[in-house]
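Asks: Just model.cif, nothing more (mmCIF, N, CA and C atoms):
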data_final
#
loop_
_atom_site.label_atom_id
_atom_site.label_comp_id
_atom_site.auth_asym_id
_atom_site.auth_seq_id
_atom_site.Cartn_x
_atom_site.Cartn_y
_atom_site.Cartn_z
N MET E 1370 94.73 146.38 21.16
CA MET E 1370 94.17 146.27 19.83
C MET E 1370 93.27 145.03 19.77
N LYS E 1371 92.04 145.26 19.37
CA LYS E 1371 91.07 144.17 19.30
C LYS E 1371 91.18 143.46 17.96
N ARG E 1372 90.97 142.15 18.01
CA ARG E 1372 90.95 141.37 16.77
C ARG E 1372 89.54 141.36 16.21
N ARG E 1373 89.48 141.37 14.91
CA ARG E 1373 88.18 141.25 14.26
C ARG E 1373 87.75 139.80 14.26
N PRO E 1374 86.48 139.54 14.42
CA PRO E 1374 86.03 138.14 14.36
C PRO E 1374 86.17 137.60 12.93
N VAL E 1375 86.50 136.34 12.85
CA VAL E 1375 86.64 135.69 11.56
C VAL E 1375 85.26 135.41 11.00
N THR E 1376 85.02 135.83 9.78
CA THR E 1376 83.72 135.58 9.16
C THR E 1376 83.90 134.54 8.06
N VAL E 1377 82.96 133.67 7.99
CA VAL E 1377 82.98 132.61 6.99
C VAL E 1377 81.81 132.83 6.05
N GLN E 1378 82.09 132.79 4.77
CA GLN E 1378 81.03 132.97 3.78
C GLN E 1378 80.26 131.67 3.64
N THR E 1379 78.97 131.71 3.92
CA THR E 1379 78.15 130.50 3.85
C THR E 1379 76.91 130.71 3.00
N ASN E 1380 77.01 131.57 2.00
CA ASN E 1380 75.81 131.88 1.22
C ASN E 1380 75.76 131.14 -0.11
N GLY E 1381 76.16 129.88 -0.11
CA GLY E 1381 76.04 129.08 -1.33
C GLY E 1381 77.38 128.76 -1.95
N ALA E 1382 77.32 128.30 -3.18
CA ALA E 1382 78.52 127.85 -3.89
C ALA E 1382 79.37 129.03 -4.31
N THR E 1383 80.66 128.80 -4.39
CA THR E 1383 81.61 129.80 -4.84
C THR E 1383 81.47 129.96 -6.35
N PRO E 1384 81.40 131.18 -6.85
CA PRO E 1384 81.28 131.35 -8.30
C PRO E 1384 82.55 130.92 -9.01
N ILE E 1385 82.39 130.35 -10.19
CA ILE E 1385 83.53 129.90 -10.98
C ILE E 1385 83.92 131.02 -11.92
N LYS E 1386 85.02 131.68 -11.62
CA LYS E 1386 85.52 132.72 -12.50
C LYS E 1386 87.01 132.88 -12.23
N GLY E 1387 87.71 133.43 -13.16
CA GLY E 1387 89.13 133.66 -12.97
C GLY E 1387 89.96 132.58 -13.61
N ALA E 1388 91.27 132.81 -13.63
CA ALA E 1388 92.20 131.90 -14.27
C ALA E 1388 92.63 130.76 -13.35
N MET E 1389 92.59 130.99 -12.03
CA MET E 1389 92.97 129.95 -11.08
C MET E 1389 91.74 129.46 -10.34
N LEU E 1390 91.58 128.15 -10.27
CA LEU E 1390 90.43 127.54 -9.61
C LEU E 1390 90.87 126.79 -8.37
N SER E 1391 90.04 126.78 -7.36
CA SER E 1391 90.28 125.92 -6.21
C SER E 1391 89.81 124.52 -6.57
N VAL E 1392 90.04 123.59 -5.68
CA VAL E 1392 89.61 122.21 -5.92
C VAL E 1392 88.08 122.15 -6.00
N VAL E 1393 87.41 122.90 -5.15
CA VAL E 1393 85.94 122.91 -5.15
C VAL E 1393 85.42 123.50 -6.46
N GLN E 1394 86.03 124.58 -6.91
CA GLN E 1394 85.59 125.21 -8.16
C GLN E 1394 85.84 124.29 -9.35
N ALA E 1395 86.98 123.58 -9.36
CA ALA E 1395 87.26 122.64 -10.44
C ALA E 1395 86.25 121.50 -10.44
N ALA E 1396 85.87 121.05 -9.26
CA ALA E 1396 84.86 119.99 -9.16
C ALA E 1396 83.52 120.47 -9.70
N MET E 1397 83.17 121.72 -9.40
CA MET E 1397 81.92 122.27 -9.92
C MET E 1397 81.97 122.37 -11.45
N LEU E 1398 83.12 122.78 -11.97
CA LEU E 1398 83.27 122.90 -13.42
C LEU E 1398 83.19 121.54 -14.10
N LEU E 1399 83.74 120.52 -13.46
CA LEU E 1399 83.72 119.17 -14.03
C LEU E 1399 82.40 118.44 -13.75
N GLY E 1400 81.60 118.97 -12.87
CA GLY E 1400 80.33 118.33 -12.54
C GLY E 1400 80.49 117.12 -11.65
N THR E 1401 81.46 117.16 -10.76
CA THR E 1401 81.72 116.05 -9.86
C THR E 1401 81.97 116.59 -8.46
N ASP E 1402 82.42 115.75 -7.55
CA ASP E 1402 82.65 116.23 -6.19
C ASP E 1402 84.14 116.45 -5.94
N GLU E 1403 84.42 117.10 -4.83
CA GLU E 1403 85.80 117.46 -4.47
C GLU E 1403 86.67 116.22 -4.26
N ARG E 1404 86.09 115.19 -3.70
CA ARG E 1404 86.86 113.96 -3.42
C ARG E 1404 87.38 113.34 -4.71
N TRP E 1405 86.55 113.31 -5.76
CA TRP E 1405 86.96 112.75 -7.05
C TRP E 1405 88.15 113.53 -7.62
N VAL E 1406 88.07 114.85 -7.53
CA VAL E 1406 89.14 115.70 -8.05
C VAL E 1406 90.42 115.46 -7.27
N ARG E 1407 90.33 115.41 -5.95
CA ARG E 1407 91.53 115.20 -5.13
C ARG E 1407 92.16 113.83 -5.39
N ARG E 1408 91.34 112.80 -5.62
CA ARG E 1408 91.90 111.48 -5.95
C ARG E 1408 92.65 111.51 -7.26
N ARG E 1409 92.08 112.19 -8.26
CA ARG E 1409 92.75 112.28 -9.56
C ARG E 1409 94.03 113.09 -9.46
N MET E 1410 94.03 114.11 -8.61
CA MET E 1410 95.23 114.92 -8.42
C MET E 1410 96.32 114.12 -7.71
N SER E 1411 95.94 113.27 -6.77
CA SER E 1411 96.94 112.48 -6.05
C SER E 1411 97.63 111.48 -6.95
N CYS E 1412 96.94 111.05 -8.00
CA CYS E 1412 97.54 110.14 -8.99
C CYS E 1412 98.14 110.90 -10.16
N HIS E 1413 98.13 112.22 -10.09
CA HIS E 1413 98.64 113.10 -11.15
C HIS E 1413 97.92 112.88 -12.48
N LEU E 1414 96.62 112.64 -12.40
CA LEU E 1414 95.80 112.49 -13.60
C LEU E 1414 95.16 113.81 -14.01
N LEU E 1415 95.04 114.73 -13.06
CA LEU E 1415 94.52 116.07 -13.34
C LEU E 1415 95.65 117.08 -13.16
N PRO E 1416 95.73 118.08 -14.03
CA PRO E 1416 96.79 119.08 -13.88
C PRO E 1416 96.50 120.02 -12.71
N PHE E 1417 97.51 120.25 -11.86
CA PHE E 1417 97.36 121.17 -10.74
C PHE E 1417 98.72 121.77 -10.40
N ARG E 1418 98.69 122.81 -9.61
CA ARG E 1418 99.91 123.47 -9.15
C ARG E 1418 99.78 123.78 -7.68
N LYS E 1419 100.91 123.98 -7.02
CA LYS E 1419 100.91 124.41 -5.63
C LYS E 1419 101.54 125.79 -5.57
N LEU E 1420 100.80 126.73 -5.05
CA LEU E 1420 101.29 128.10 -4.87
C LEU E 1420 101.24 128.43 -3.39
N ASN E 1421 102.40 128.59 -2.78
CA ASN E 1421 102.50 128.91 -1.35
C ASN E 1421 101.72 127.90 -0.49
N GLY E 1422 101.81 126.63 -0.85
CA GLY E 1422 101.14 125.59 -0.09
C GLY E 1422 99.67 125.42 -0.42
N ARG E 1423 99.16 126.20 -1.34
CA ARG E 1423 97.74 126.12 -1.72
C ARG E 1423 97.63 125.43 -3.07
N VAL E 1424 96.74 124.47 -3.18
CA VAL E 1424 96.54 123.75 -4.43
C VAL E 1424 95.60 124.56 -5.31
N VAL E 1425 96.06 124.85 -6.54
CA VAL E 1425 95.23 125.57 -7.50
C VAL E 1425 95.27 124.82 -8.83
N ILE E 1426 94.23 125.02 -9.59
CA ILE E 1426 94.13 124.40 -10.91
C ILE E 1426 93.93 125.53 -11.90
N LEU E 1427 94.79 125.60 -12.89
CA LEU E 1427 94.66 126.63 -13.90
C LEU E 1427 93.52 126.27 -14.84
N ARG E 1428 92.64 127.22 -15.07
CA ARG E 1428 91.47 126.98 -15.91
C ARG E 1428 91.88 126.53 -17.31
N SER E 1429 92.91 127.16 -17.87
CA SER E 1429 93.33 126.82 -19.23
C SER E 1429 93.85 125.38 -19.31
N GLU E 1430 94.60 124.95 -18.29
CA GLU E 1430 95.09 123.56 -18.28
C GLU E 1430 93.94 122.57 -18.11
N LEU E 1431 92.96 122.93 -17.29
CA LEU E 1431 91.82 122.04 -17.09
C LEU E 1431 90.98 121.93 -18.36
N GLU E 1432 90.79 123.05 -19.05
CA GLU E 1432 90.03 123.02 -20.30
C GLU E 1432 90.77 122.22 -21.38
N THR E 1433 92.10 122.32 -21.42
CA THR E 1433 92.89 121.51 -22.35
C THR E 1433 92.77 120.03 -22.01
N PHE E 1434 92.79 119.71 -20.71
CA PHE E 1434 92.63 118.34 -20.26
C PHE E 1434 91.29 117.77 -20.70
N ILE E 1435 90.23 118.56 -20.54
CA ILE E 1435 88.89 118.12 -20.94
C ILE E 1435 88.81 117.92 -22.45
N ALA E 1436 89.42 118.83 -23.20
CA ALA E 1436 89.40 118.72 -24.66
C ALA E 1436 90.14 117.47 -25.14
N ASN E 1437 91.20 117.09 -24.42
CA ASN E 1437 91.99 115.92 -24.82
C ASN E 1437 91.32 114.61 -24.44
N LEU E 1438 90.29 114.64 -23.62
CA LEU E 1438 89.60 113.41 -23.25
C LEU E 1438 88.93 112.76 -24.46
N ALA E 1439 88.52 113.58 -25.42
CA ALA E 1439 87.86 113.04 -26.61
C ALA E 1439 88.84 112.26 -27.48
N ASP E 1440 90.14 112.47 -27.31
CA ASP E 1440 91.14 111.80 -28.13
C ASP E 1440 91.55 110.44 -27.57
N LEU E 1441 91.00 110.05 -26.43
CA LEU E 1441 91.36 108.76 -25.84
C LEU E 1441 90.81 107.62 -26.68
N PRO E 1442 91.58 106.52 -26.77
CA PRO E 1442 91.07 105.39 -27.54
C PRO E 1442 89.89 104.75 -26.81
N GLY E 1443 89.00 104.18 -27.57
CA GLY E 1443 87.83 103.54 -26.99
C GLY E 1443 86.82 103.24 -28.07
N CYS E 1444 85.63 102.95 -27.67
CA CYS E 1444 84.58 102.64 -28.64
C CYS E 1444 83.42 103.60 -28.44
N THR E 1445 82.55 103.64 -29.42
CA THR E 1445 81.37 104.49 -29.34
C THR E 1445 80.32 103.80 -28.47
N LEU E 1446 79.27 104.53 -28.17
CA LEU E 1446 78.20 103.97 -27.34
C LEU E 1446 77.52 102.80 -28.02
N SER E 1447 77.27 102.91 -29.33
CA SER E 1447 76.62 101.81 -30.04
C SER E 1447 77.52 100.57 -30.08
N GLU E 1448 78.82 100.77 -30.23
CA GLU E 1448 79.75 99.63 -30.21
C GLU E 1448 79.76 98.97 -28.84
N ALA E 1449 79.72 99.76 -27.78
CA ALA E 1449 79.71 99.22 -26.42
C ALA E 1449 78.43 98.42 -26.17
N GLN E 1450 77.30 98.93 -26.66
CA GLN E 1450 76.04 98.21 -26.47
C GLN E 1450 76.03 96.89 -27.24
N SER E 1451 76.58 96.88 -28.46
CA SER E 1451 76.62 95.63 -29.22
C SER E 1451 77.59 94.64 -28.59
N ASN E 1452 78.71 95.13 -28.02
CA ASN E 1452 79.64 94.24 -27.32
C ASN E 1452 78.99 93.61 -26.10
N LEU E 1453 78.21 94.40 -25.37
CA LEU E 1453 77.52 93.89 -24.20
C LEU E 1453 76.48 92.85 -24.60
N ALA E 1454 75.78 93.11 -25.69
CA ALA E 1454 74.77 92.15 -26.16
C ALA E 1454 75.44 90.84 -26.58
N LEU E 1455 76.57 90.92 -27.25
CA LEU E 1455 77.29 89.70 -27.65
C LEU E 1455 77.75 88.90 -26.45
N ARG E 1456 78.21 89.59 -25.40
CA ARG E 1456 78.65 88.90 -24.19
C ARG E 1456 77.50 88.20 -23.49
N ASN E 1457 76.30 88.78 -23.60
CA ASN E 1457 75.13 88.18 -22.95
C ASN E 1457 74.45 87.15 -23.83
N GLY E 1458 74.98 86.92 -25.03
CA GLY E 1458 74.42 85.92 -25.93
C GLY E 1458 73.21 86.39 -26.69
N GLU E 1459 73.01 87.68 -26.78
CA GLU E 1459 71.86 88.21 -27.50
C GLU E 1459 72.22 88.43 -28.97
N VAL E 1460 71.19 88.50 -29.81
CA VAL E 1460 71.39 88.75 -31.24
C VAL E 1460 71.55 90.23 -31.42
N VAL E 1461 72.58 90.60 -32.17
CA VAL E 1461 72.86 92.01 -32.41
C VAL E 1461 72.23 92.43 -33.72
N ARG E 1462 71.39 93.44 -33.66
CA ARG E 1462 70.75 93.98 -34.86
C ARG E 1462 71.40 95.29 -35.23
N ARG E 1463 71.69 95.46 -36.47
CA ARG E 1463 72.32 96.71 -36.92
C ARG E 1463 71.47 97.40 -37.91
#
Go ahead and express the file in the form of structure tokens.
Replies:
Amino acid sequence: MKRRPVTVQTNGATPIKGAMLSVVQAAMLLGTDERWVRRRMSCHLLPFRKLNGRVVILRSELETFIANLADLPGCTLSEAQSNLALRNGEVVRR
């Protein structure tokens, strides 16, 4: 019995669809690279699951994570710019 040769798909990026995403697909959805996603996963900052030794990210959990980013404490862009100006000794105009 002959074995079939292994074929590798090399025709561009993997389309983002479905409920389960690979690390590469999650990176494409977030607009970043795979390394950034893997670092966040290693610190348990991004939601992920392991299925049969394969790392997958559920689209619904990732979308919830992105939606919750807006709820983080912080300042607006104009507040950050005025804080930077104050640190540099500039006059802040409002």
Asks: Quick one: everything within 8 Å of E:Pro1416, counting all atoms listed in the file, minus sequence neighbours fewer than 2 positions away in the same chain. Send it as a PyMOL selection string.
Replies: chain E and resi 1409-1410+1413-1414+1418+1425-1427+1430-1431+1434
Asks: Emit the selected residues as a PDB file, in the coordinates of the input, including N, CA and C atoms.
Replies:
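Result file part.pdb:
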ATOM      1  N   ARG E1409      92.080 112.190  -8.260  1.00  0.00           N
ATOM      2  CA  ARG E1409      92.750 112.280  -9.560  1.00  0.00           C
ATOM      3  C   ARG E1409      94.030 113.090  -9.460  1.00  0.00           C
ATOM      4  N   MET E1410      94.030 114.110  -8.610  1.00  0.00           N
ATOM      5  CA  MET E1410      95.230 114.920  -8.420  1.00  0.00           C
ATOM      6  C   MET E1410      96.320 114.120  -7.710  1.00  0.00           C
ATOM      7  N   HIS E1413      98.130 112.220 -10.090  1.00  0.00           N
ATOM      8  CA  HIS E1413      98.640 113.100 -11.150  1.00  0.00           C
ATOM      9  C   HIS E1413      97.920 112.880 -12.480  1.00  0.00           C
ATOM     10  N   LEU E1414      96.620 112.640 -12.400  1.00  0.00           N
ATOM     11  CA  LEU E1414      95.800 112.490 -13.600  1.00  0.00           C
ATOM     12  C   LEU E1414      95.160 113.810 -14.010  1.00  0.00           C
ATOM     13  N   ARG E1418      98.690 122.810  -9.610  1.00  0.00           N
ATOM     14  CA  ARG E1418      99.910 123.470  -9.150  1.00  0.00           C
ATOM     15  C   ARG E1418      99.780 123.780  -7.680  1.00  0.00           C
ATOM     16  N   VAL E1425      96.060 124.850  -6.540  1.00  0.00           N
ATOM     17  CA  VAL E1425      95.230 125.570  -7.500  1.00  0.00           C
ATOM     18  C   VAL E1425      95.270 124.820  -8.830  1.00  0.00           C
ATOM     19  N   ILE E1426      94.230 125.020  -9.590  1.00  0.00           N
ATOM     20  CA  ILE E1426      94.130 124.400 -10.910  1.00  0.00           C
ATOM     21  C   ILE E1426      93.930 125.530 -11.900  1.00  0.00           C
ATOM     22  N   LEU E1427      94.790 125.600 -12.890  1.00  0.00           N
ATOM     23  CA  LEU E1427      94.660 126.630 -13.900  1.00  0.00           C
ATOM     24  C   LEU E1427      93.520 126.270 -14.840  1.00  0.00           C
ATOM     25  N   GLU E1430      94.600 124.950 -18.290  1.00  0.00           N
ATOM     26  CA  GLU E1430      95.090 123.560 -18.280  1.00  0.00           C
ATOM     27  C   GLU E1430      93.940 122.570 -18.110  1.00  0.00           C
ATOM     28  N   LEU E1431      92.960 122.930 -17.290  1.00  0.00           N
ATOM     29  CA  LEU E1431      91.820 122.040 -17.090  1.00  0.00           C
ATOM     30  C   LEU E1431      90.980 121.930 -18.360  1.00  0.00           C
ATOM     31  N   PHE E1434      92.790 119.710 -20.710  1.00  0.00           N
ATOM     32  CA  PHE E1434      92.630 118.340 -20.260  1.00  0.00           C
ATOM     33  C   PHE E1434      91.290 117.770 -20.700  1.00  0.00           C
TER      34      PHE E1434
END
Asks: Have a look at atom CA of E:Asn1421 and atom CA of E:Glu1403 and let me know their distance in Å, one decimal.
Replies: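 These atoms are spaced 20.5 Å apart.
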Asks: For the file shown, report as a list in words the outcome of the PyMOL selection byres ((chain E and resi 1391-1393) around 6.5) at residue level.
Replies: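 Output from the PyMOL selection byres ((chain E and resi 1391-1393) around 6.5), applied to this file: Met1389, Leu1390, Gln1394, Ala1395, Ala1396, Met1397, Leu1398, Glu1403, Val1424, Val1425 and Ile1426 of chain E.
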Asks: Measure the distance from atom CA of E:Glu1432 to atom C of E:Ala1388 in Å and round it to one decimal.
Replies: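 Going from atom CA of E:Glu1432 over to atom C of E:Ala1388 covers 10.7 Å.
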Asks: In Å to one decimal, how far is atom CA of E:Ser1429 from atom C of E:Gly1387?
Replies: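 Going from atom C of E:Gly1387 over to atom CA of E:Ser1429, I get 8.7 Å.
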